[in-house]
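target03.pdb (PDB, C-alpha atoms, pLDDT in the B column)
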ATOM      1  CA  MET D1129     -77.977   3.026  16.580  1.00 56.00           C
ATOM      2  CA  SER D1130     -78.967  -0.291  14.972  1.00 76.00           C
ATOM      3  CA  THR D1131     -79.761   1.530  11.726  1.00 85.00           C
ATOM      4  CA  LEU D1132     -76.351   3.215  11.783  1.00 85.00           C
ATOM      5  CA  ASN D1133     -74.626  -0.087  12.469  1.00 85.00           C
ATOM      6  CA  ALA D1134     -76.500  -1.742   9.630  1.00 87.00           C
ATOM      7  CA  PHE D1135     -75.464   1.056   7.284  1.00 88.00           C
ATOM      8  CA  ALA D1136     -71.815   0.779   8.368  1.00 88.00           C
ATOM      9  CA  ARG D1137     -71.808  -2.989   7.856  1.00 89.00           C
ATOM     10  CA  ARG D1138     -73.414  -2.651   4.445  1.00 90.00           C
ATOM     11  CA  GLU D1139     -71.141   0.197   3.331  1.00 91.00           C
ATOM     12  CA  TRP D1140     -67.790  -0.832   4.786  1.00 92.00           C
ATOM     13  CA  GLY D1141     -68.217  -4.361   6.123  1.00 92.00           C
ATOM     14  CA  PRO D1142     -66.739  -6.318   3.178  1.00 92.00           C
ATOM     15  CA  LEU D1143     -63.911  -3.817   2.802  1.00 94.00           C
ATOM     16  CA  TYR D1144     -63.122  -3.892   6.527  1.00 93.00           C
ATOM     17  CA  SER D1145     -63.082  -7.688   6.528  1.00 94.00           C
ATOM     18  CA  THR D1146     -60.625  -7.808   3.638  1.00 94.00           C
ATOM     19  CA  LEU D1147     -58.322  -5.230   5.198  1.00 95.00           C
ATOM     20  CA  ARG D1148     -58.436  -6.763   8.659  1.00 94.00           C
ATOM     21  CA  THR D1149     -57.602 -10.240   7.383  1.00 93.00           C
ATOM     22  CA  ALA D1150     -54.626  -8.979   5.393  1.00 94.00           C
ATOM     23  CA  ILE D1151     -53.259  -6.772   8.161  1.00 93.00           C
ATOM     24  CA  VAL D1152     -53.673  -9.383  10.909  1.00 92.00           C
ATOM     25  CA  THR D1153     -52.101 -12.196   8.892  1.00 92.00           C
ATOM     26  CA  GLU D1154     -49.368 -10.297   7.032  1.00 90.00           C
ATOM     27  CA  LYS D1155     -49.017  -6.971   8.862  1.00 88.00           C
ATOM     28  CA  TRP D1156     -46.721  -4.600   6.919  1.00 87.00           C
ATOM     29  CA  ARG D1157     -45.894  -7.355   4.448  1.00 91.00           C
ATOM     30  CA  ALA D1158     -49.376  -6.806   3.011  1.00 92.00           C
ATOM     31  CA  VAL D1159     -48.402  -3.441   1.506  1.00 95.00           C
ATOM     32  CA  PRO D1160     -44.795  -3.541   0.246  1.00 95.00           C
ATOM     33  CA  MET D1161     -45.507  -1.375  -2.794  1.00 96.00           C
ATOM     34  CA  THR D1162     -47.255   1.238  -0.661  1.00 96.00           C
ATOM     35  CA  LEU D1163     -44.359   1.419   1.776  1.00 96.00           C
ATOM     36  CA  GLY D1164     -41.972   1.850  -1.147  1.00 95.00           C
ATOM     37  CA  ALA D1165     -44.171   4.614  -2.559  1.00 95.00           C
ATOM     38  CA  VAL D1166     -44.232   6.434   0.794  1.00 96.00           C
ATOM     39  CA  CYS D1167     -40.443   6.224   1.050  1.00 96.00           C
ATOM     40  CA  LEU D1168     -40.048   7.444  -2.539  1.00 95.00           C
ATOM     41  CA  THR D1169     -42.370  10.390  -1.924  1.00 95.00           C
ATOM     42  CA  ALA D1170     -40.492  11.346   1.243  1.00 95.00           C
ATOM     43  CA  PHE D1171     -37.185  11.015  -0.605  1.00 95.00           C
ATOM     44  CA  PHE D1172     -38.298  13.343  -3.395  1.00 95.00           C
ATOM     45  CA  GLN D1173     -39.553  15.844  -0.839  1.00 94.00           C
ATOM     46  CA  VAL D1174     -36.183  15.950   0.911  1.00 94.00           C
ATOM     47  CA  VAL D1175     -34.182  16.129  -2.306  1.00 94.00           C
ATOM     48  CA  GLN D1176     -36.253  18.812  -4.042  1.00 93.00           C
ATOM     49  CA  ASN D1177     -35.824  21.107  -1.037  1.00 91.00           C
ATOM     50  CA  GLN D1178     -32.045  20.982  -1.309  1.00 91.00           C
ATOM     51  CA  SER D1179     -30.176  23.545  -3.374  1.00 88.00           C
ATOM     52  CA  TRP D1180     -28.552  20.754  -5.369  1.00 93.00           C
ATOM     53  CA  GLY D1181     -31.654  18.562  -5.642  1.00 92.00           C
ATOM     54  CA  PHE D1182     -34.385  20.764  -7.084  1.00 92.00           C
ATOM     55  CA  GLY D1183     -32.999  20.618 -10.629  1.00 93.00           C
ATOM     56  CA  PRO D1184     -32.705  16.822 -10.843  1.00 94.00           C
ATOM     57  CA  VAL D1185     -36.192  16.291  -9.377  1.00 93.00           C
ATOM     58  CA  ARG D1186     -37.583  18.866 -11.806  1.00 92.00           C
ATOM     59  CA  ASP D1187     -35.941  17.105 -14.741  1.00 92.00           C
ATOM     60  CA  ILE D1188     -37.299  13.653 -13.909  1.00 93.00           C
ATOM     61  CA  GLY D1189     -40.609  14.368 -12.189  1.00 92.00           C
ATOM     62  CA  PHE D1190     -42.065  17.776 -13.036  1.00 93.00           C
ATOM     63  CA  VAL D1191     -44.816  17.736 -15.669  1.00 93.00           C
ATOM     64  CA  LYS D1192     -46.270  20.818 -17.342  1.00 92.00           C
ATOM     65  CA  ALA D1193     -48.786  21.204 -20.142  1.00 90.00           C
ATOM     66  CA  ASP D1194     -46.282  22.973 -22.387  1.00 90.00           C
ATOM     67  CA  ASP D1195     -43.739  20.145 -22.151  1.00 91.00           C
ATOM     68  CA  PRO D1196     -43.227  18.032 -25.272  1.00 91.00           C
ATOM     69  CA  LEU D1197     -45.542  15.038 -25.138  1.00 88.00           C
ATOM     70  CA  TRP D1198     -42.748  12.474 -24.995  1.00 90.00           C
ATOM     71  CA  VAL D1199     -41.139  14.312 -22.077  1.00 91.00           C
ATOM     72  CA  ALA D1200     -44.437  14.433 -20.187  1.00 90.00           C
ATOM     73  CA  LEU D1201     -45.001  10.708 -20.746  1.00 90.00           C
ATOM     74  CA  LEU D1202     -41.528   9.872 -19.470  1.00 92.00           C
ATOM     75  CA  ARG D1203     -41.922  12.031 -16.383  1.00 93.00           C
ATOM     76  CA  THR D1204     -45.482  11.034 -15.481  1.00 91.00           C
ATOM     77  CA  PRO D1205     -44.635   7.790 -13.610  1.00 90.00           C
ATOM     78  CA  LEU D1206     -42.334   9.573 -11.166  1.00 92.00           C
ATOM     79  CA  SER D1207     -44.417  12.770 -11.049  1.00 93.00           C
ATOM     80  CA  LEU D1208     -47.005  10.824  -9.071  1.00 92.00           C
ATOM     81  CA  PHE D1209     -44.530  10.551  -6.177  1.00 93.00           C
ATOM     82  CA  VAL D1210     -43.180  14.119  -6.301  1.00 93.00           C
ATOM     83  CA  PRO D1211     -45.095  16.147  -3.669  1.00 91.00           C
ATOM     84  CA  ALA D1212     -46.723  19.328  -4.940  1.00 86.00           C
ATOM     85  CA  LEU D1213     -44.643  22.373  -4.065  1.00 81.00           C
ATOM     86  CA  ASP D1214     -47.579  24.379  -2.679  1.00 78.00           C
ATOM     87  CA  LEU D1215     -49.004  21.668  -0.405  1.00 81.00           C
ATOM     88  CA  PRO D1216     -47.734  20.144   2.874  1.00 86.00           C
ATOM     89  CA  VAL D1217     -45.844  16.932   2.292  1.00 90.00           C
ATOM     90  CA  TRP D1218     -47.597  15.124   5.143  1.00 91.00           C
ATOM     91  CA  GLY D1219     -50.809  15.298   3.113  1.00 89.00           C
ATOM     92  CA  ALA D1220     -49.221  13.472   0.187  1.00 91.00           C
ATOM     93  CA  LEU D1221     -47.638  10.883   2.485  1.00 94.00           C
ATOM     94  CA  ALA D1222     -50.937  10.254   4.289  1.00 94.00           C
ATOM     95  CA  GLN D1223     -52.819   9.894   0.991  1.00 92.00           C
ATOM     96  CA  VAL D1224     -50.325   7.401  -0.383  1.00 94.00           C
ATOM     97  CA  LEU D1225     -50.138   5.369   2.831  1.00 95.00           C
ATOM     98  CA  LEU D1226     -53.887   5.146   3.362  1.00 95.00           C
ATOM     99  CA  VAL D1227     -55.397   4.909  -0.126  1.00 96.00           C
ATOM    100  CA  PHE D1228     -52.559   3.094  -1.871  1.00 97.00           C
ATOM    101  CA  GLY D1229     -52.376   0.679   1.054  1.00 96.00           C
ATOM    102  CA  ILE D1230     -56.093  -0.103   0.898  1.00 96.00           C
ATOM    103  CA  ALA D1231     -55.945  -0.484  -2.882  1.00 97.00           C
ATOM    104  CA  GLU D1232     -52.876  -2.728  -2.776  1.00 97.00           C
ATOM    105  CA  ILE D1233     -54.610  -5.099  -0.359  1.00 96.00           C
ATOM    106  CA  CYS D1234     -57.933  -5.069  -2.205  1.00 95.00           C
ATOM    107  CA  LEU D1235     -56.806  -4.914  -5.824  1.00 94.00           C
ATOM    108  CA  GLY D1236     -53.226  -6.147  -5.902  1.00 94.00           C
ATOM    109  CA  VAL D1237     -50.039  -4.332  -6.850  1.00 94.00           C
ATOM    110  CA  TRP D1238     -50.337  -4.221 -10.623  1.00 94.00           C
ATOM    111  CA  ARG D1239     -53.992  -3.240 -10.778  1.00 94.00           C
ATOM    112  CA  THR D1240     -53.326  -0.512  -8.219  1.00 96.00           C
ATOM    113  CA  LEU D1241     -50.474   0.895 -10.283  1.00 95.00           C
ATOM    114  CA  VAL D1242     -52.433   0.729 -13.535  1.00 95.00           C
ATOM    115  CA  ILE D1243     -55.430   2.591 -12.104  1.00 96.00           C
ATOM    116  CA  ALA D1244     -53.166   5.137 -10.402  1.00 96.00           C
ATOM    117  CA  TYR D1245     -51.345   5.912 -13.627  1.00 95.00           C
ATOM    118  CA  VAL D1246     -54.512   5.981 -15.730  1.00 95.00           C
ATOM    119  CA  ALA D1247     -55.989   8.593 -13.394  1.00 95.00           C
ATOM    120  CA  THR D1248     -52.762  10.621 -13.314  1.00 94.00           C
ATOM    121  CA  LEU D1249     -52.223  10.458 -17.057  1.00 94.00           C
ATOM    122  CA  ALA D1250     -55.837  11.437 -17.706  1.00 94.00           C
ATOM    123  CA  GLY D1251     -55.349  14.584 -15.641  1.00 92.00           C
ATOM    124  CA  THR D1252     -52.136  15.629 -17.326  1.00 92.00           C
ATOM    125  CA  THR D1253     -53.613  14.887 -20.761  1.00 93.00           C
ATOM    126  CA  TYR D1254     -56.623  17.050 -19.987  1.00 94.00           C
ATOM    127  CA  ALA D1255     -54.295  19.916 -19.017  1.00 93.00           C
ATOM    128  CA  ARG D1256     -52.708  19.822 -22.461  1.00 93.00           C
ATOM    129  CA  ILE D1257     -56.068  19.659 -24.245  1.00 94.00           C
ATOM    130  CA  GLY D1258     -57.622  22.330 -22.038  1.00 93.00           C
ATOM    131  CA  VAL D1259     -54.817  24.813 -22.706  1.00 93.00           C
ATOM    132  CA  SER D1260     -55.070  24.173 -26.439  1.00 92.00           C
ATOM    133  CA  LEU D1261     -58.847  24.831 -26.318  1.00 92.00           C
ATOM    134  CA  GLY D1262     -58.366  28.152 -24.547  1.00 90.00           C
ATOM    135  CA  PRO D1263     -60.306  29.888 -21.770  1.00 88.00           C
ATOM    136  CA  ASP D1264     -63.318  30.681 -23.979  1.00 87.00           C
ATOM    137  CA  HIS D1265     -64.175  26.994 -24.363  1.00 88.00           C
ATOM    138  CA  LEU D1266     -66.360  25.245 -21.790  1.00 84.00           C
ATOM    139  CA  LEU D1267     -63.595  22.718 -21.083  1.00 87.00           C
ATOM    140  CA  GLY D1268     -60.735  25.085 -21.835  1.00 89.00           C
ATOM    141  CA  LEU D1269     -57.993  26.439 -19.601  1.00 91.00           C
ATOM    142  CA  PRO D1270     -56.094  29.743 -19.563  1.00 91.00           C
ATOM    143  CA  ALA D1271     -52.681  29.806 -21.204  1.00 91.00           C
ATOM    144  CA  SER D1272     -51.051  30.418 -17.824  1.00 90.00           C
ATOM    145  CA  ASP D1273     -51.991  26.875 -16.743  1.00 90.00           C
ATOM    146  CA  ALA D1274     -49.471  25.542 -19.248  1.00 91.00           C
ATOM    147  CA  GLN D1275     -46.741  26.616 -16.817  1.00 90.00           C
ATOM    148  CA  VAL D1276     -48.307  25.029 -13.722  1.00 90.00           C
ATOM    149  CA  VAL D1277     -46.186  22.228 -12.292  1.00 89.00           C
ATOM    150  CA  ASP D1278     -48.407  19.149 -12.224  1.00 87.00           C
ATOM    151  CA  THR D1279     -47.164  16.664  -9.617  1.00 89.00           C
ATOM    152  CA  GLY D1280     -48.458  14.706  -6.660  1.00 90.00           C
ATOM    153  CA  PRO D1281     -50.615  11.646  -5.981  1.00 92.00           C
ATOM    154  CA  SER D1282     -54.010  13.333  -5.629  1.00 93.00           C
ATOM    155  CA  ALA D1283     -55.503  12.247  -8.975  1.00 94.00           C
ATOM    156  CA  ALA D1284     -54.280   8.692  -8.430  1.00 95.00           C
ATOM    157  CA  VAL D1285     -55.696   8.670  -4.900  1.00 95.00           C
ATOM    158  CA  ILE D1286     -59.124   9.772  -6.132  1.00 96.00           C
ATOM    159  CA  GLY D1287     -59.126   7.183  -8.897  1.00 96.00           C
ATOM    160  CA  LEU D1288     -58.107   4.355  -6.570  1.00 97.00           C
ATOM    161  CA  ALA D1289     -60.669   5.363  -3.958  1.00 96.00           C
ATOM    162  CA  LEU D1290     -63.463   5.250  -6.529  1.00 96.00           C
ATOM    163  CA  PHE D1291     -62.385   1.913  -7.952  1.00 96.00           C
ATOM    164  CA  VAL D1292     -62.188   0.306  -4.510  1.00 97.00           C
ATOM    165  CA  CYS D1293     -65.617   1.729  -3.637  1.00 96.00           C
ATOM    166  CA  TRP D1294     -67.040   0.205  -6.808  1.00 94.00           C
ATOM    167  CA  ARG D1295     -65.402  -3.145  -6.172  1.00 94.00           C
ATOM    168  CA  TYR D1296     -66.793  -3.318  -2.620  1.00 95.00           C
ATOM    169  CA  HIS D1297     -70.143  -1.624  -3.346  1.00 93.00           C
ATOM    170  CA  ALA D1298     -69.437   1.334  -1.058  1.00 94.00           C
ATOM    171  CA  TRP D1299     -71.765   3.583  -3.033  1.00 95.00           C
ATOM    172  CA  PHE D1300     -72.250   6.257  -0.377  1.00 95.00           C
ATOM    173  CA  THR D1301     -68.494   6.693   0.044  1.00 95.00           C
ATOM    174  CA  ALA D1302     -68.018   6.910  -3.712  1.00 96.00           C
ATOM    175  CA  SER D1303     -70.724   9.574  -3.883  1.00 96.00           C
ATOM    176  CA  LEU D1304     -68.962  11.567  -1.170  1.00 96.00           C
ATOM    177  CA  VAL D1305     -65.666  11.440  -3.093  1.00 95.00           C
ATOM    178  CA  ILE D1306     -67.317  12.666  -6.282  1.00 96.00           C
ATOM    179  CA  ALA D1307     -69.277  15.377  -4.458  1.00 96.00           C
ATOM    180  CA  ALA D1308     -66.119  16.610  -2.735  1.00 95.00           C
ATOM    181  CA  MET D1309     -64.328  16.973  -6.071  1.00 94.00           C
ATOM    182  CA  ILE D1310     -67.240  18.887  -7.570  1.00 94.00           C
ATOM    183  CA  VAL D1311     -67.290  21.238  -4.581  1.00 95.00           C
ATOM    184  CA  GLU D1312     -63.534  21.688  -4.944  1.00 92.00           C
ATOM    185  CA  VAL D1313     -63.965  22.943  -8.507  1.00 91.00           C
ATOM    186  CA  LEU D1314     -66.864  25.208  -7.552  1.00 91.00           C
ATOM    187  CA  VAL D1315     -64.968  26.750  -4.635  1.00 91.00           C
ATOM    188  CA  LYS D1316     -61.484  26.844  -6.154  1.00 85.00           C
ATOM    189  CA  ASN D1317     -61.687  26.681  -9.917  1.00 83.00           C
ATOM    190  CA  ASN D1318     -58.084  25.726 -10.654  1.00 86.00           C
ATOM    191  CA  LEU D1319     -56.203  23.202 -12.757  1.00 89.00           C
ATOM    192  CA  ALA D1320     -55.878  20.631  -9.980  1.00 89.00           C
ATOM    193  CA  GLY D1321     -59.629  20.486  -9.363  1.00 91.00           C
ATOM    194  CA  LYS D1322     -60.426  20.015 -13.038  1.00 92.00           C
ATOM    195  CA  GLU D1323     -57.785  17.312 -13.320  1.00 93.00           C
ATOM    196  CA  HIS D1324     -59.432  15.514 -10.413  1.00 94.00           C
ATOM    197  CA  LEU D1325     -62.755  15.496 -12.263  1.00 95.00           C
ATOM    198  CA  THR D1326     -60.976  14.186 -15.355  1.00 95.00           C
ATOM    199  CA  ALA D1327     -59.452  11.409 -13.253  1.00 95.00           C
ATOM    200  CA  ILE D1328     -62.955  10.471 -12.088  1.00 96.00           C
ATOM    201  CA  VAL D1329     -64.170  10.233 -15.691  1.00 96.00           C
ATOM    202  CA  ALA D1330     -61.159   8.094 -16.628  1.00 96.00           C
ATOM    203  CA  VAL D1331     -61.732   5.704 -13.740  1.00 96.00           C
ATOM    204  CA  PHE D1332     -65.417   5.429 -14.659  1.00 95.00           C
ATOM    205  CA  ALA D1333     -64.223   4.225 -18.061  1.00 95.00           C
ATOM    206  CA  VAL D1334     -61.947   1.662 -16.382  1.00 94.00           C
ATOM    207  CA  ILE D1335     -64.843   0.549 -14.177  1.00 94.00           C
ATOM    208  CA  GLY D1336     -67.045   0.134 -17.248  1.00 94.00           C
ATOM    209  CA  ILE D1337     -64.432  -2.022 -18.963  1.00 93.00           C
ATOM    210  CA  SER D1338     -63.908  -4.086 -15.816  1.00 89.00           C
ATOM    211  CA  ALA D1339     -67.654  -4.585 -15.395  1.00 89.00           C
ATOM    212  CA  LEU D1340     -68.009  -5.802 -18.977  1.00 91.00           C
ATOM    213  CA  ARG D1341     -65.107  -8.219 -18.575  1.00 87.00           C
ATOM    214  CA  ARG D1342     -66.536  -9.621 -15.350  1.00 84.00           C
ATOM    215  CA  ARG D1343     -69.949 -10.013 -16.967  1.00 86.00           C
ATOM    216  CA  ARG D1344     -68.493 -11.874 -19.942  1.00 87.00           C
ATOM    217  CA  ARG D1345     -66.449 -14.072 -17.617  1.00 83.00           C
ATOM    218  CA  ARG D1346     -69.567 -14.986 -15.627  1.00 83.00           C
ATOM    219  CA  ARG D1347     -71.518 -15.773 -18.787  1.00 83.00           C
ATOM    220  CA  LEU D1348     -68.691 -18.004 -19.999  1.00 81.00           C
ATOM    221  CA  GLN D1349     -68.551 -19.809 -16.655  1.00 81.00           C
ATOM    222  CA  ARG D1350     -72.331 -20.330 -16.656  1.00 79.00           C
ATOM    223  CA  SER D1351     -72.252 -21.679 -20.202  1.00 77.00           C
ATOM    224  CA  ARG D1352     -69.441 -24.078 -19.314  1.00 77.00           C
ATOM    225  CA  THR D1353     -71.283 -25.232 -16.201  1.00 75.00           C
ATOM    226  CA  ALA D1354     -74.467 -25.748 -18.184  1.00 70.00           C
ATOM    227  CA  GLY D1355     -72.552 -27.680 -20.827  1.00 68.00           C
ATOM    228  CA  ARG D1356     -70.963 -30.026 -18.276  1.00 68.00           C
ATOM    229  CA  SER D1357     -74.214 -30.641 -16.407  1.00 63.00           C
ATOM    230  CA  GLY D1358     -76.422 -31.062 -19.490  1.00 57.00           C
ATOM    231  CA  ALA D1359     -78.011 -34.474 -19.980  1.00 46.00           C
ATOM    232  CA  PRO D1360     -77.228 -36.407 -23.182  1.00 50.00           C
ATOM    233  CA  PRO D1361     -79.949 -36.401 -25.775  1.00 48.00           C
ATOM    234  CA  ILE D1362     -82.449 -39.281 -25.617  1.00 46.00           C
ATOM    235  CA  ARG D1363     -82.483 -41.490 -28.693  1.00 46.00           C
ATOM    236  CA  SER D1364     -85.543 -43.490 -29.654  1.00 37.00           C
TER
END

Please express the file's structure as structure tokens.
Amino acid sequence: MSTLNAFARREWGPLYSTLRTAIVTEKWRAVPMTLGAVCLTAFFQVVQNQSWGFGPVRDIGFVKADDPLWVALLRTPLSLFVPALDLPVWGALAQVLLVFGIAEICLGVWRTLVIAYVATLAGTTYARIGVSLGPDHLLGLPASDAQVVDTGPSAAVIGLALFVCWRYHAWFTASLVIAAMIVEVLVKNNLAGKEHLTAIVAVFAVIGISALRRRRRRRLQRSRTAGRSGAPPIRS
């Protein structure tokens, strides 16, 4: 049991401490963006299931690979909060509440949104490229995937989960997320699974950039500290 406790503290201890402090001190005020995202997702779910609402939601939030690029780019921000038509809405709401909430506390609002949209946009961009490559290419997709409606928060959720794991050194959890996405593609080789893998690659790129920036910042701080603490030269 002590070994298991030590693993849990090492894997999730820093993350748990950050979350607990924020929730105890601020409660729901710690995640205003997440609560807004949950409400927006629920709103789109209600509206798109009305006879009068499906068309408007489709026009502002549905993304497909055969859409003009400018249309897809305009729709992508809201497409993240439009629940997929073939999945239960409670799954999307739970993903947004849990993962977006953790990311908002740990990363802040703007970084959370940037990573979420990078992961989502990477997936939708891959769909366009994959269809253009064709099914005979290793990374290609069948032409029928160009008509698949590409909505929902899943790619963003995966990207945020990985970034938070990297930030808090939860390597085992990150490995589980990646392994689950690989198994998803092996079991159900569809567009969504491949987009999830693309989101992982995109977030790895973001992590690499963030790591380089942090390293440069630390070097700059060390050089400044060394410069302030350096002794003046001795003159004879």

Can you work out which one of D:Ser1282, D:Asp1195, D:Arg1239, D:Val1277 has the shortest atom-to-atom distance to Phe1209 (chain D), counting all atoms listed in the file?
D:Ser1282

How many Å separate CA of Pro1211 (chain D) from CA of Ala1231 (chain D)?
19.9 Å

Residues selected by the PyMOL selection byres ((chain D and resi 1289) around 9), written as a ChimeraX atom specification
/D:1227-1228,1230-1231,1284-1288,1290-1294,1301-1302,1305

Pick out the closest residue to Thr1204 (chain D) from this set: D:Thr1279, D:Gln1173, D:Thr1162, D:Asn1133. Count only C-alpha atoms.
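Smallest separation from Thr1204 (chain D) among the options: D:Thr1279.
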
Per-residue nearest contacts region 1230-1276 of chain D to region 1319-1334 of chain D, cut-off 9 Å, using all atoms listed in the file, as a Markdown table:
| residue | atom | partner | partner_atom | distance |
| --- | --- | --- | --- | --- |
| D:Ile1243 | CA | D:Val1331 | CA | 7.2 |
| D:Val1246 | CA | D:Ala1330 | CA | 7.0 |
| D:Ala1247 | CA | D:Ala1327 | CA | 4.5 |
| D:Thr1248 | CA | D:Ala1327 | CA | 6.7 |
| D:Leu1249 | CA | D:Ala1327 | CA | 8.2 |
| D:Ala1250 | CA | D:Ala1327 | CA | 5.7 |
| D:Gly1251 | CA | D:Glu1323 | CA | 4.3 |
| D:Thr1252 | CA | D:Glu1323 | CA | 7.1 |
| D:Thr1253 | CA | D:Glu1323 | CA | 8.9 |
| D:Tyr1254 | CA | D:Glu1323 | CA | 6.8 |
| D:Ala1255 | CA | D:Glu1323 | CA | 7.2 |
| D:Leu1269 | CA | D:Leu1319 | CA | 7.8 |
| D:Asp1273 | CA | D:Leu1319 | CA | 6.9 |
| D:Val1276 | CA | D:Leu1319 | CA | 8.2 |

Counting only C-alpha atoms, the option among D:Ile1233, D:Leu1202, D:Ile1188, D:Ala1274 closest to Ala1150 (chain D):
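Checking each candidate against Ala1150 (chain D), we get D:Ile1233 as the closest.
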
Between D:Val1224, D:Leu1304, D:Val1311, D:Val1191, which is the closest to Ser1207 (chain D) once you count all atoms listed in the file?
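Using all atoms listed in the file, the shortest distance to Ser1207 (chain D) belongs to D:Val1191.
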